[in-house]
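Report on the following structure.
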Amino acid sequence: LQLSERLTTTGGVQILNPAVAPSTPISPTVARNLLQSLFIGLFVGLGLAFLRDQLDDSLRTKAEVERAVRDVPTFALVPYDTTSGDDHHPKLSTLTAPMSATAESYRGLRTAIQYASLSQPIKVMQVTSASASEAKTTTLSNLAMAFALSGKRVAVMDCDLRKPKLHRFMQVDGTKGFTTVVLGELPLEQAMQTSPLHPNVDVLPAGYLPPNPSELLNHERTSRIIESLAERSSMVFIDCPPVLPVTDALVISRNVDATIFVTMANKTSRRAAKRATEMLRQVGAPLLASVIT
């Protein structure tokens with residue numbers, strides 16, 4: 001009867017503990033969420049960085065370059081010079097900033113080449129790279145100027161008959177040069193120009209652009225021009241196009257004593273450098289050293 005009475009009056013409900021509003025919210029828990037976000041962000045960031053590193057095969061250090069370009073020592077690491085200008089108004093660090101680290105690296109490259117020439121005579125040297133815009137002309141111009149400043153008579157020759165830029169670096173007239181000599185329009189003495197930057201630098205620009213650069217470079221007259229330059233100069237530097245897009249540098253390599261292979265940090269890929277040096281070795285190019293810009 002008592003149970004029946006309680007069920008009738010209260011519906012079977014009994015208050016054990018009264019409901020009390022909590023002083024702090026159950027969610028969100030700021031400390032726990034911050035800790036979780038920290039770990040999640042850390043692991044996601046590390047994963048993305050690792051993925052990017054695996055997908056990016058550009059060369060960044062001297063060790064990576066020497067692994068990609070086997071059996072070729074690195075003669076110089078050239079730091080970026082903010083005062084070097086651009087392709088239209090270039091400036092040579094060896095002249096504008098002779099006390100800079102960039103100019104010193106070019107002088108170090110000059111010294112390394114001079115020591116290498118003790119074991120094998122080096123008089124004609126080509127400068128090339130795997131792809132375009134990797135500071136080939138900048139390296140050649142500053143290296144030639146470093147030799148000229150040491151008292152050497154230097155000749156520089158532009159064999160990039162597709163995008164010639166050497167005449168801008170040496171501040172000479174680019175309308176006459178190599179092509180006009182090969183085609184017999186001018187003798188070599190009239191096509192050669194002394195750079196106003198230094199009296200020890202003779203420049204043979206590319207001249208006007210021909211429709212068949214590779215065939216022109218493979219002509220017998222090209223070899224005779226290079227031989228003539230070698231007779232009248234202490235060093236001859238030849239600016240060549242990149243190896244992978246065109247075969248011009250491979251054609252010129254049979255007329256030189258040494259080849260300098262230029263790579264640009266964070267731009268030249270490992271596969272491109274490896275393939276380019278393989279192509280140079282296939283034609284017997286005398287690979288002397290690499291330079292990292």
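The way I read the labels, and the way they are meant: chains A, B, ... in the order of the structure tokens, residue 1 as the first residue of every chain, and ligand 1 as the first ligand shown, with later ones counted on from there.
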
Shell of 10 Å around range 244-259 of chain A, only C-alpha atoms, local chain residues under 6 positions omitted, as JSON, numbers by chain: {"A": [113, 117, 120, 121, 122, 123, 124, 125, 126, 127, 128, 129, 130, 131, 132, 159, 160, 161, 162, 213, 214, 215, 216, 217, 218, 219, 222, 223, 224, 226, 227, 236, 237, 238, 272, 273, 275, 276, 277, 279, 280, 281, 282, 283, 284, 285, 286, 287, 288, 289, 290]}

Could you give me, as a tab-separated table (two decimals) with N, CA, C and O atoms, in the first residue's frame, each residue of range 227-266 of chain A that DSSP assigns to strand (DSSP E) when run on this structure's backbone?
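For reference, part_16.tsv as written:
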chain	number	residue	atom	x	y	z
A	235	MET	N	94.64	33.78	-72.57
A	235	MET	CA	93.49	32.93	-72.28
A	235	MET	C	92.35	33.30	-73.21
A	235	MET	O	92.16	34.49	-73.52
A	236	VAL	N	91.60	32.31	-73.65
A	236	VAL	CA	90.42	32.52	-74.48
A	236	VAL	C	89.22	31.90	-73.75
A	236	VAL	O	89.25	30.72	-73.39
A	237	PHE	N	88.19	32.71	-73.54
A	237	PHE	CA	86.98	32.24	-72.86
A	237	PHE	C	85.82	32.29	-73.86
A	237	PHE	O	85.59	33.33	-74.50
A	238	ILE	N	85.11	31.18	-73.98
A	238	ILE	CA	84.01	31.06	-74.95
A	238	ILE	C	82.70	30.90	-74.20
A	238	ILE	O	82.53	29.96	-73.42
A	239	ASP	N	81.78	31.83	-74.45
A	239	ASP	CA	80.45	31.77	-73.85
A	239	ASP	C	79.56	30.90	-74.73
A	239	ASP	O	79.35	31.21	-75.91
A	258	ALA	N	89.38	23.10	-71.83
A	258	ALA	CA	88.69	22.85	-70.57
A	258	ALA	C	87.27	23.37	-70.65
A	258	ALA	O	86.98	24.32	-71.40
A	259	THR	N	86.39	22.75	-69.87
A	259	THR	CA	84.99	23.14	-69.81
A	259	THR	C	84.62	23.42	-68.36
A	259	THR	O	84.86	22.60	-67.48
A	260	ILE	N	84.06	24.60	-68.12
A	260	ILE	CA	83.53	24.97	-66.80
A	260	ILE	C	82.02	24.80	-66.84
A	260	ILE	O	81.34	25.38	-67.69
A	261	PHE	N	81.50	23.99	-65.90
A	261	PHE	CA	80.06	23.72	-65.85
A	261	PHE	C	79.45	24.52	-64.70
A	261	PHE	O	79.83	24.34	-63.54
A	262	VAL	N	78.53	25.42	-65.04
A	262	VAL	CA	77.95	26.34	-64.06
A	262	VAL	C	76.59	25.80	-63.60
A	262	VAL	O	75.76	25.39	-64.42
A	263	THR	N	76.38	25.80	-62.29
A	263	THR	CA	75.08	25.46	-61.71
A	263	THR	C	74.61	26.61	-60.85
A	263	THR	O	75.42	27.34	-60.27

I'd like the contact shell of Ile292 in chain A - 12 Å cut-off, only C-alpha atoms, skipping same-chain residues fewer than 6 positions apart - returned as a PDB file with all heavy atoms, in the first residue's frame.
ATOM      1  N   LEU A  59      69.594  21.591 -56.806  1.00  0.00           N
ATOM      2  CA  LEU A  59      70.864  21.521 -56.098  1.00  0.00           C
ATOM      3  C   LEU A  59      71.029  22.750 -55.212  1.00  0.00           C
ATOM      4  O   LEU A  59      70.826  23.879 -55.667  1.00  0.00           O
ATOM      5  CB  LEU A  59      72.016  21.434 -57.103  1.00  0.00           C
ATOM      6  CG  LEU A  59      71.960  20.231 -58.053  1.00  0.00           C
ATOM      7  CD1 LEU A  59      73.043  20.351 -59.106  1.00  0.00           C
ATOM      8  CD2 LEU A  59      72.117  18.929 -57.285  1.00  0.00           C
ATOM      9  N   ARG A  60      71.414  22.514 -53.965  1.00  0.00           N
ATOM     10  CA  ARG A  60      71.523  23.622 -53.024  1.00  0.00           C
ATOM     11  C   ARG A  60      72.902  23.741 -52.385  1.00  0.00           C
ATOM     12  O   ARG A  60      73.280  24.826 -51.957  1.00  0.00           O
ATOM     13  CB  ARG A  60      70.458  23.479 -51.920  1.00  0.00           C
ATOM     14  CG  ARG A  60      69.041  23.615 -52.415  1.00  0.00           C
ATOM     15  CD  ARG A  60      68.055  23.476 -51.275  1.00  0.00           C
ATOM     16  NE  ARG A  60      67.983  22.110 -50.794  1.00  0.00           N
ATOM     17  CZ  ARG A  60      67.153  21.195 -51.272  1.00  0.00           C
ATOM     18  NH1 ARG A  60      66.353  21.506 -52.258  1.00  0.00           N
ATOM     19  NH2 ARG A  60      67.127  19.979 -50.771  1.00  0.00           N
ATOM     20  N   THR A  61      73.639  22.658 -52.290  1.00  0.00           N
ATOM     21  CA  THR A  61      74.919  22.679 -51.594  1.00  0.00           C
ATOM     22  C   THR A  61      76.023  22.110 -52.489  1.00  0.00           C
ATOM     23  O   THR A  61      75.752  21.470 -53.509  1.00  0.00           O
ATOM     24  CB  THR A  61      74.853  21.871 -50.300  1.00  0.00           C
ATOM     25  OG1 THR A  61      74.616  20.486 -50.618  1.00  0.00           O
ATOM     26  CG2 THR A  61      73.734  22.375 -49.391  1.00  0.00           C
ATOM     27  N   LYS A  62      77.242  22.347 -52.071  1.00  0.00           N
ATOM     28  CA  LYS A  62      78.402  21.840 -52.800  1.00  0.00           C
ATOM     29  C   LYS A  62      78.394  20.313 -52.834  1.00  0.00           C
ATOM     30  O   LYS A  62      78.706  19.699 -53.856  1.00  0.00           O
ATOM     31  CB  LYS A  62      79.675  22.349 -52.124  1.00  0.00           C
ATOM     32  CG  LYS A  62      80.970  21.846 -52.732  1.00  0.00           C
ATOM     33  CD  LYS A  62      82.153  22.516 -52.040  1.00  0.00           C
ATOM     34  CE  LYS A  62      83.482  21.990 -52.582  1.00  0.00           C
ATOM     35  NZ  LYS A  62      83.762  20.624 -52.115  1.00  0.00           N
ATOM     36  N   ALA A  63      78.012  19.681 -51.728  1.00  0.00           N
ATOM     37  CA  ALA A  63      77.979  18.219 -51.682  1.00  0.00           C
ATOM     38  C   ALA A  63      76.954  17.660 -52.661  1.00  0.00           C
ATOM     39  O   ALA A  63      77.206  16.646 -53.334  1.00  0.00           O
ATOM     40  CB  ALA A  63      77.670  17.755 -50.256  1.00  0.00           C
ATOM     41  N   GLU A  64      75.792  18.304 -52.775  1.00  0.00           N
ATOM     42  CA  GLU A  64      74.775  17.827 -53.719  1.00  0.00           C
ATOM     43  C   GLU A  64      75.250  17.974 -55.166  1.00  0.00           C
ATOM     44  O   GLU A  64      74.991  17.100 -55.996  1.00  0.00           O
ATOM     45  CB  GLU A  64      73.473  18.617 -53.508  1.00  0.00           C
ATOM     46  CG  GLU A  64      72.780  18.302 -52.180  1.00  0.00           C
ATOM     47  CD  GLU A  64      71.511  19.117 -52.001  1.00  0.00           C
ATOM     48  OE1 GLU A  64      71.271  20.021 -52.826  1.00  0.00           O
ATOM     49  OE2 GLU A  64      70.786  18.872 -51.030  1.00  0.00           O
ATOM     50  N   VAL A  65      75.943  19.067 -55.469  1.00  0.00           N
ATOM     51  CA  VAL A  65      76.454  19.258 -56.827  1.00  0.00           C
ATOM     52  C   VAL A  65      77.488  18.193 -57.163  1.00  0.00           C
ATOM     53  O   VAL A  65      77.480  17.600 -58.247  1.00  0.00           O
ATOM     54  CB  VAL A  65      77.054  20.667 -56.972  1.00  0.00           C
ATOM     55  CG1 VAL A  65      77.757  20.819 -58.314  1.00  0.00           C
ATOM     56  CG2 VAL A  65      75.964  21.727 -56.846  1.00  0.00           C
ATOM     57  N   GLU A  66      78.390  17.916 -56.242  1.00  0.00           N
ATOM     58  CA  GLU A  66      79.447  16.934 -56.514  1.00  0.00           C
ATOM     59  C   GLU A  66      78.892  15.514 -56.597  1.00  0.00           C
ATOM     60  O   GLU A  66      79.478  14.671 -57.274  1.00  0.00           O
ATOM     61  CB  GLU A  66      80.519  17.039 -55.439  1.00  0.00           C
ATOM     62  CG  GLU A  66      81.309  18.348 -55.529  1.00  0.00           C
ATOM     63  CD  GLU A  66      82.414  18.435 -54.501  1.00  0.00           C
ATOM     64  OE1 GLU A  66      82.374  17.648 -53.519  1.00  0.00           O
ATOM     65  OE2 GLU A  66      83.313  19.282 -54.660  1.00  0.00           O
ATOM     66  N   VAL A  69      77.229  15.713 -60.215  1.00  0.00           N
ATOM     67  CA  VAL A  69      78.249  15.833 -61.258  1.00  0.00           C
ATOM     68  C   VAL A  69      79.482  15.073 -60.775  1.00  0.00           C
ATOM     69  O   VAL A  69      80.404  15.637 -60.209  1.00  0.00           O
ATOM     70  CB  VAL A  69      78.587  17.309 -61.538  1.00  0.00           C
ATOM     71  CG1 VAL A  69      79.521  17.436 -62.723  1.00  0.00           C
ATOM     72  CG2 VAL A  69      77.317  18.109 -61.777  1.00  0.00           C
ATOM     73  N   PRO A  73      85.366  18.325 -59.737  1.00  0.00           N
ATOM     74  CA  PRO A  73      85.464  19.124 -58.509  1.00  0.00           C
ATOM     75  C   PRO A  73      84.771  20.472 -58.647  1.00  0.00           C
ATOM     76  O   PRO A  73      84.579  20.982 -59.762  1.00  0.00           O
ATOM     77  CB  PRO A  73      86.974  19.297 -58.335  1.00  0.00           C
ATOM     78  CG  PRO A  73      87.524  19.211 -59.718  1.00  0.00           C
ATOM     79  CD  PRO A  73      86.655  18.221 -60.451  1.00  0.00           C
ATOM     80  N   THR A  74      84.396  21.031 -57.531  1.00  0.00           N
ATOM     81  CA  THR A  74      83.801  22.367 -57.498  1.00  0.00           C
ATOM     82  C   THR A  74      84.889  23.382 -57.178  1.00  0.00           C
ATOM     83  O   THR A  74      85.485  23.347 -56.108  1.00  0.00           O
ATOM     84  CB  THR A  74      82.680  22.439 -56.448  1.00  0.00           C
ATOM     85  OG1 THR A  74      81.667  21.479 -56.771  1.00  0.00           O
ATOM     86  CG2 THR A  74      82.054  23.825 -56.420  1.00  0.00           C
ATOM     87  N   PHE A  75      85.152  24.275 -58.120  1.00  0.00           N
ATOM     88  CA  PHE A  75      86.239  25.246 -57.962  1.00  0.00           C
ATOM     89  C   PHE A  75      85.809  26.508 -57.227  1.00  0.00           C
ATOM     90  O   PHE A  75      86.646  27.201 -56.671  1.00  0.00           O
ATOM     91  CB  PHE A  75      86.810  25.620 -59.329  1.00  0.00           C
ATOM     92  CG  PHE A  75      87.895  24.690 -59.806  1.00  0.00           C
ATOM     93  CD1 PHE A  75      88.183  23.521 -59.123  1.00  0.00           C
ATOM     94  CD2 PHE A  75      88.632  24.983 -60.950  1.00  0.00           C
ATOM     95  CE1 PHE A  75      89.174  22.654 -59.566  1.00  0.00           C
ATOM     96  CE2 PHE A  75      89.631  24.137 -61.397  1.00  0.00           C
ATOM     97  CZ  PHE A  75      89.903  22.964 -60.706  1.00  0.00           C
ATOM     98  N   ALA A  76      84.512  26.842 -57.254  1.00  0.00           N
ATOM     99  CA  ALA A  76      84.089  28.107 -56.648  1.00  0.00           C
ATOM    100  C   ALA A  76      82.619  28.063 -56.279  1.00  0.00           C
ATOM    101  O   ALA A  76      81.817  27.418 -56.961  1.00  0.00           O
ATOM    102  CB  ALA A  76      84.360  29.275 -57.593  1.00  0.00           C
ATOM    103  N   LEU A  77      82.293  28.763 -55.189  1.00  0.00           N
ATOM    104  CA  LEU A  77      80.915  29.019 -54.794  1.00  0.00           C
ATOM    105  C   LEU A  77      80.747  30.532 -54.797  1.00  0.00           C
ATOM    106  O   LEU A  77      81.309  31.240 -53.963  1.00  0.00           O
ATOM    107  CB  LEU A  77      80.603  28.462 -53.409  1.00  0.00           C
ATOM    108  CG  LEU A  77      80.456  26.944 -53.281  1.00  0.00           C
ATOM    109  CD1 LEU A  77      81.818  26.274 -53.137  1.00  0.00           C
ATOM    110  CD2 LEU A  77      79.589  26.596 -52.075  1.00  0.00           C
ATOM    111  N   VAL A  78      79.985  31.032 -55.758  1.00  0.00           N
ATOM    112  CA  VAL A  78      79.881  32.470 -55.974  1.00  0.00           C
ATOM    113  C   VAL A  78      78.608  32.988 -55.301  1.00  0.00           C
ATOM    114  O   VAL A  78      77.503  32.626 -55.709  1.00  0.00           O
ATOM    115  CB  VAL A  78      79.848  32.798 -57.482  1.00  0.00           C
ATOM    116  CG1 VAL A  78      79.786  34.303 -57.693  1.00  0.00           C
ATOM    117  CG2 VAL A  78      81.063  32.205 -58.180  1.00  0.00           C
ATOM    118  N   PRO A  79      78.723  33.830 -54.284  1.00  0.00           N
ATOM    119  CA  PRO A  79      77.513  34.370 -53.637  1.00  0.00           C
ATOM    120  C   PRO A  79      76.821  35.392 -54.521  1.00  0.00           C
ATOM    121  O   PRO A  79      77.434  35.983 -55.421  1.00  0.00           O
ATOM    122  CB  PRO A  79      78.058  35.017 -52.359  1.00  0.00           C
ATOM    123  CG  PRO A  79      79.477  35.350 -52.681  1.00  0.00           C
ATOM    124  CD  PRO A  79      79.951  34.292 -53.633  1.00  0.00           C
ATOM    125  N   TYR A  80      75.557  35.603 -54.252  1.00  0.00           N
ATOM    126  CA  TYR A  80      74.767  36.545 -55.048  1.00  0.00           C
ATOM    127  C   TYR A  80      75.190  37.975 -54.734  1.00  0.00           C
ATOM    128  O   TYR A  80      75.365  38.351 -53.575  1.00  0.00           O
ATOM    129  CB  TYR A  80      73.274  36.358 -54.751  1.00  0.00           C
ATOM    130  CG  TYR A  80      72.386  37.338 -55.483  1.00  0.00           C
ATOM    131  CD1 TYR A  80      72.234  37.250 -56.858  1.00  0.00           C
ATOM    132  CD2 TYR A  80      71.710  38.331 -54.795  1.00  0.00           C
ATOM    133  CE1 TYR A  80      71.419  38.144 -57.542  1.00  0.00           C
ATOM    134  CE2 TYR A  80      70.896  39.226 -55.471  1.00  0.00           C
ATOM    135  CZ  TYR A  80      70.756  39.130 -56.839  1.00  0.00           C
ATOM    136  OH  TYR A  80      69.959  40.015 -57.509  1.00  0.00           O
ATOM    137  N   THR A 102      81.858  38.221 -53.538  1.00  0.00           N
ATOM    138  CA  THR A 102      81.632  37.742 -54.902  1.00  0.00           C
ATOM    139  C   THR A 102      82.885  37.890 -55.745  1.00  0.00           C
ATOM    140  O   THR A 102      83.299  36.950 -56.445  1.00  0.00           O
ATOM    141  CB  THR A 102      80.470  38.523 -55.543  1.00  0.00           C
ATOM    142  OG1 THR A 102      79.316  38.423 -54.708  1.00  0.00           O
ATOM    143  CG2 THR A 102      80.146  37.975 -56.913  1.00  0.00           C
ATOM    144  N   SER A 105      85.489  35.383 -54.782  1.00  0.00           N
ATOM    145  CA  SER A 105      85.223  34.026 -55.268  1.00  0.00           C
ATOM    146  C   SER A 105      85.681  33.867 -56.716  1.00  0.00           C
ATOM    147  O   SER A 105      86.180  32.809 -57.105  1.00  0.00           O
ATOM    148  CB  SER A 105      83.732  33.702 -55.134  1.00  0.00           C
ATOM    149  OG  SER A 105      82.958  34.548 -55.972  1.00  0.00           O
ATOM    150  N   TYR A 106      85.534  34.917 -57.532  1.00  0.00           N
ATOM    151  CA  TYR A 106      86.028  34.849 -58.915  1.00  0.00           C
ATOM    152  C   TYR A 106      87.550  34.803 -58.947  1.00  0.00           C
ATOM    153  O   TYR A 106      88.140  34.116 -59.786  1.00  0.00           O
ATOM    154  CB  TYR A 106      85.510  36.035 -59.720  1.00  0.00           C
ATOM    155  CG  TYR A 106      84.038  35.959 -60.048  1.00  0.00           C
ATOM    156  CD1 TYR A 106      83.151  36.941 -59.629  1.00  0.00           C
ATOM    157  CD2 TYR A 106      83.535  34.890 -60.785  1.00  0.00           C
ATOM    158  CE1 TYR A 106      81.803  36.874 -59.922  1.00  0.00           C
ATOM    159  CE2 TYR A 106      82.179  34.815 -61.079  1.00  0.00           C
ATOM    160  CZ  TYR A 106      81.324  35.807 -60.648  1.00  0.00           C
ATOM    161  OH  TYR A 106      79.989  35.729 -60.934  1.00  0.00           O
ATOM    162  N   LEU A 109      88.456  31.342 -58.187  1.00  0.00           N
ATOM    163  CA  LEU A 109      88.263  30.491 -59.360  1.00  0.00           C
ATOM    164  C   LEU A 109      89.433  30.654 -60.332  1.00  0.00           C
ATOM    165  O   LEU A 109      89.922  29.666 -60.902  1.00  0.00           O
ATOM    166  CB  LEU A 109      86.944  30.855 -60.041  1.00  0.00           C
ATOM    167  CG  LEU A 109      86.606  30.136 -61.345  1.00  0.00           C
ATOM    168  CD1 LEU A 109      86.546  28.636 -61.149  1.00  0.00           C
ATOM    169  CD2 LEU A 109      85.281  30.663 -61.917  1.00  0.00           C
ATOM    170  N   SER A 129      76.290  25.464 -69.096  1.00  0.00           N
ATOM    171  CA  SER A 129      75.464  24.978 -67.992  1.00  0.00           C
ATOM    172  C   SER A 129      74.415  24.038 -68.547  1.00  0.00           C
ATOM    173  O   SER A 129      74.376  23.773 -69.760  1.00  0.00           O
ATOM    174  CB  SER A 129      74.804  26.147 -67.249  1.00  0.00           C
ATOM    175  OG  SER A 129      73.857  26.781 -68.082  1.00  0.00           O
ATOM    176  N   GLU A 134      71.397  30.565 -65.900  1.00  0.00           N
ATOM    177  CA  GLU A 134      72.115  30.040 -64.743  1.00  0.00           C
ATOM    178  C   GLU A 134      73.466  30.734 -64.546  1.00  0.00           C
ATOM    179  O   GLU A 134      74.401  30.159 -64.001  1.00  0.00           O
ATOM    180  CB  GLU A 134      72.309  28.524 -64.888  1.00  0.00           C
ATOM    181  CG  GLU A 134      71.006  27.765 -64.789  1.00  0.00           C
ATOM    182  CD  GLU A 134      71.157  26.264 -64.949  1.00  0.00           C
ATOM    183  OE1 GLU A 134      72.151  25.824 -65.570  1.00  0.00           O
ATOM    184  OE2 GLU A 134      70.275  25.526 -64.483  1.00  0.00           O
ATOM    185  N   ALA A 135      73.569  31.985 -65.011  1.00  0.00           N
ATOM    186  CA  ALA A 135      74.727  32.862 -64.765  1.00  0.00           C
ATOM    187  C   ALA A 135      75.987  32.418 -65.507  1.00  0.00           C
ATOM    188  O   ALA A 135      77.092  32.623 -65.014  1.00  0.00           O
ATOM    189  CB  ALA A 135      75.003  32.978 -63.271  1.00  0.00           C
ATOM    190  N   LYS A 136      75.823  31.853 -66.689  1.00  0.00           N
ATOM    191  CA  LYS A 136      77.002  31.486 -67.484  1.00  0.00           C
ATOM    192  C   LYS A 136      77.784  32.723 -67.921  1.00  0.00           C
ATOM    193  O   LYS A 136      78.998  32.805 -67.719  1.00  0.00           O
ATOM    194  CB  LYS A 136      76.579  30.696 -68.722  1.00  0.00           C
ATOM    195  CG  LYS A 136      75.958  29.357 -68.442  1.00  0.00           C
ATOM    196  CD  LYS A 136      75.581  28.671 -69.736  1.00  0.00           C
ATOM    197  CE  LYS A 136      74.539  29.443 -70.514  1.00  0.00           C
ATOM    198  NZ  LYS A 136      73.266  29.591 -69.778  1.00  0.00           N
ATOM    199  N   THR A 139      79.424  34.550 -65.033  1.00  0.00           N
ATOM    200  CA  THR A 139      80.625  33.856 -64.567  1.00  0.00           C
ATOM    201  C   THR A 139      81.784  34.070 -65.522  1.00  0.00           C
ATOM    202  O   THR A 139      82.907  34.379 -65.108  1.00  0.00           O
ATOM    203  CB  THR A 139      80.328  32.353 -64.419  1.00  0.00           C
ATOM    204  OG1 THR A 139      79.256  32.170 -63.483  1.00  0.00           O
ATOM    205  CG2 THR A 139      81.549  31.601 -63.926  1.00  0.00           C
ATOM    206  N   ILE A 260      84.059  24.604 -68.123  1.00  0.00           N
ATOM    207  CA  ILE A 260      83.533  24.968 -66.800  1.00  0.00           C
ATOM    208  C   ILE A 260      82.018  24.801 -66.839  1.00  0.00           C
ATOM    209  O   ILE A 260      81.338  25.381 -67.692  1.00  0.00           O
ATOM    210  CB  ILE A 260      83.889  26.414 -66.433  1.00  0.00           C
ATOM    211  CG1 ILE A 260      85.408  26.575 -66.287  1.00  0.00           C
ATOM    212  CG2 ILE A 260      83.200  26.825 -65.132  1.00  0.00           C
ATOM    213  CD1 ILE A 260      85.999  25.845 -65.115  1.00  0.00           C
ATOM    214  N   PHE A 261      81.499  23.993 -65.903  1.00  0.00           N
ATOM    215  CA  PHE A 261      80.061  23.717 -65.854  1.00  0.00           C
ATOM    216  C   PHE A 261      79.453  24.521 -64.699  1.00  0.00           C
ATOM    217  O   PHE A 261      79.828  24.340 -63.543  1.00  0.00           O
ATOM    218  CB  PHE A 261      79.817  22.228 -65.648  1.00  0.00           C
ATOM    219  CG  PHE A 261      78.376  21.823 -65.705  1.00  0.00           C
ATOM    220  CD1 PHE A 261      77.698  21.768 -66.911  1.00  0.00           C
ATOM    221  CD2 PHE A 261      77.684  21.504 -64.550  1.00  0.00           C
ATOM    222  CE1 PHE A 261      76.362  21.395 -66.965  1.00  0.00           C
ATOM    223  CE2 PHE A 261      76.359  21.128 -64.593  1.00  0.00           C
ATOM    224  CZ  PHE A 261      75.690  21.081 -65.804  1.00  0.00           C
ATOM    225  N   VAL A 262      78.532  25.419 -65.042  1.00  0.00           N
ATOM    226  CA  VAL A 262      77.948  26.336 -64.062  1.00  0.00           C
ATOM    227  C   VAL A 262      76.593  25.803 -63.598  1.00  0.00           C
ATOM    228  O   VAL A 262      75.764  25.391 -64.419  1.00  0.00           O
ATOM    229  CB  VAL A 262      77.784  27.751 -64.659  1.00  0.00           C
ATOM    230  CG1 VAL A 262      77.139  28.685 -63.639  1.00  0.00           C
ATOM    231  CG2 VAL A 262      79.130  28.297 -65.098  1.00  0.00           C
ATOM    232  N   THR A 263      76.379  25.804 -62.293  1.00  0.00           N
ATOM    233  CA  THR A 263      75.082  25.458 -61.711  1.00  0.00           C
ATOM    234  C   THR A 263      74.608  26.608 -60.847  1.00  0.00           C
ATOM    235  O   THR A 263      75.423  27.335 -60.272  1.00  0.00           O
ATOM    236  CB  THR A 263      75.162  24.182 -60.856  1.00  0.00           C
ATOM    237  OG1 THR A 263      76.064  24.415 -59.752  1.00  0.00           O
ATOM    238  CG2 THR A 263      75.662  23.003 -61.667  1.00  0.00           C
ATOM    239  N   MET A 264      73.304  26.774 -60.747  1.00  0.00           N
ATOM    240  CA  MET A 264      72.738  27.821 -59.901  1.00  0.00           C
ATOM    241  C   MET A 264      71.985  27.189 -58.740  1.00  0.00           C
ATOM    242  O   MET A 264      71.116  26.328 -58.940  1.00  0.00           O
ATOM    243  CB  MET A 264      71.794  28.724 -60.701  1.00  0.00           C
ATOM    244  CG  MET A 264      71.142  29.814 -59.859  1.00  0.00           C
ATOM    245  SD  MET A 264      70.224  31.025 -60.836  1.00  0.00           S
ATOM    246  CE  MET A 264      71.566  32.028 -61.466  1.00  0.00           C
ATOM    247  N   ALA A 265      72.347  27.577 -57.538  1.00  0.00           N
ATOM    248  CA  ALA A 265      71.724  27.016 -56.340  1.00  0.00           C
ATOM    249  C   ALA A 265      70.226  27.292 -56.341  1.00  0.00           C
ATOM    250  O   ALA A 265      69.772  28.375 -56.728  1.00  0.00           O
ATOM    251  CB  ALA A 265      72.363  27.616 -55.087  1.00  0.00           C
ATOM    252  N   ASN A 266      69.455  26.274 -55.930  1.00  0.00           N
ATOM    253  CA  ASN A 266      67.994  26.338 -55.825  1.00  0.00           C
ATOM    254  C   ASN A 266      67.307  26.489 -57.177  1.00  0.00           C
ATOM    255  O   ASN A 266      66.111  26.769 -57.238  1.00  0.00           O
ATOM    256  CB  ASN A 266      67.551  27.490 -54.910  1.00  0.00           C
ATOM    257  CG  ASN A 266      68.022  27.319 -53.498  1.00  0.00           C
ATOM    258  OD1 ASN A 266      67.982  26.223 -52.949  1.00  0.00           O
ATOM    259  ND2 ASN A 266      68.497  28.398 -52.888  1.00  0.00           N
ATOM    260  N   LYS A 267      68.051  26.289 -58.279  1.00  0.00           N
ATOM    261  CA  LYS A 267      67.430  26.347 -59.605  1.00  0.00           C
ATOM    262  C   LYS A 267      67.815  25.147 -60.454  1.00  0.00           C
ATOM    263  O   LYS A 267      66.943  24.481 -61.020  1.00  0.00           O
ATOM    264  CB  LYS A 267      67.817  27.639 -60.322  1.00  0.00           C
ATOM    265  CG  LYS A 267      67.151  27.747 -61.696  1.00  0.00           C
ATOM    266  CD  LYS A 267      67.420  29.068 -62.355  1.00  0.00           C
ATOM    267  CE  LYS A 267      66.695  29.136 -63.698  1.00  0.00           C
ATOM    268  NZ  LYS A 267      66.909  30.424 -64.378  1.00  0.00           N
ATOM    269  N   THR A 268      69.110  24.875 -60.581  1.00  0.00           N
ATOM    270  CA  THR A 268      69.553  23.731 -61.375  1.00  0.00           C
ATOM    271  C   THR A 268      69.110  22.444 -60.712  1.00  0.00           C
ATOM    272  O   THR A 268      69.394  22.213 -59.536  1.00  0.00           O
ATOM    273  CB  THR A 268      71.081  23.732 -61.527  1.00  0.00           C
ATOM    274  OG1 THR A 268      71.501  24.989 -62.057  1.00  0.00           O
ATOM    275  CG2 THR A 268      71.534  22.624 -62.452  1.00  0.00           C
ATOM    276  N   ALA A 273      71.526  18.518 -64.210  1.00  0.00           N
ATOM    277  CA  ALA A 273      72.990  18.570 -64.116  1.00  0.00           C
ATOM    278  C   ALA A 273      73.613  17.234 -64.485  1.00  0.00           C
ATOM    279  O   ALA A 273      74.622  17.181 -65.203  1.00  0.00           O
ATOM    280  CB  ALA A 273      73.394  18.977 -62.700  1.00  0.00           C
TER     281      ALA A 273
END

Would you list, as a PyMOL selection string, the residues of range 177-238 of chain A that end up in alpha helix (DSSP H) under DSSP run on this structure's backbone? chain A and resi 178-182+188-191+213-217+220-232

Excluding same-chain residues fewer than 2 positions from range 179-187 of chain A, what lies within 9 Å of it counting only C-alpha atoms, as an MDAnalysis selection string? chainID A and resid 161 175:177 189:192 205:210 216:217 219 221:222 225

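Shortest separation to Ala144 in chain A among A:Gln14, A:Thr82, A:Gln36, A:Ser233 occurs at residue A:Ser233, atoms counted being only C-alpha atoms.
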
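Picture a line from CA of Val201 in chain A to CA of Val154 in chain A; it runs 5.0 Å.
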
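Atom to atom, CA of Pro90 in chain A and CA of Thr111 in chain A stand 24.2 Å apart.
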
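Of note, CA of Thr94 in chain A and CA of Val243 in chain A are spaced 26.7 Å apart.
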
Residue neighbourhood Thr96 in chain A, 12 Å, only C-alpha atoms, exclusion window fewer than 2 positions, as a list in words: Asp81, Thr82, Thr83, Ser84, Gly85, Pro90, Lys91, Leu92, Ser93, Thr94, Pro98, Met99, Ser100, Thr102, Ala103, Asn142, Met145 and Leu197 of chain A

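In this comparison, which uses only C-alpha atoms, the residue of A:Val13, A:Leu95, A:Leu118, A:Leu188 approaching Leu149 in chain A most closely is A:Leu95.
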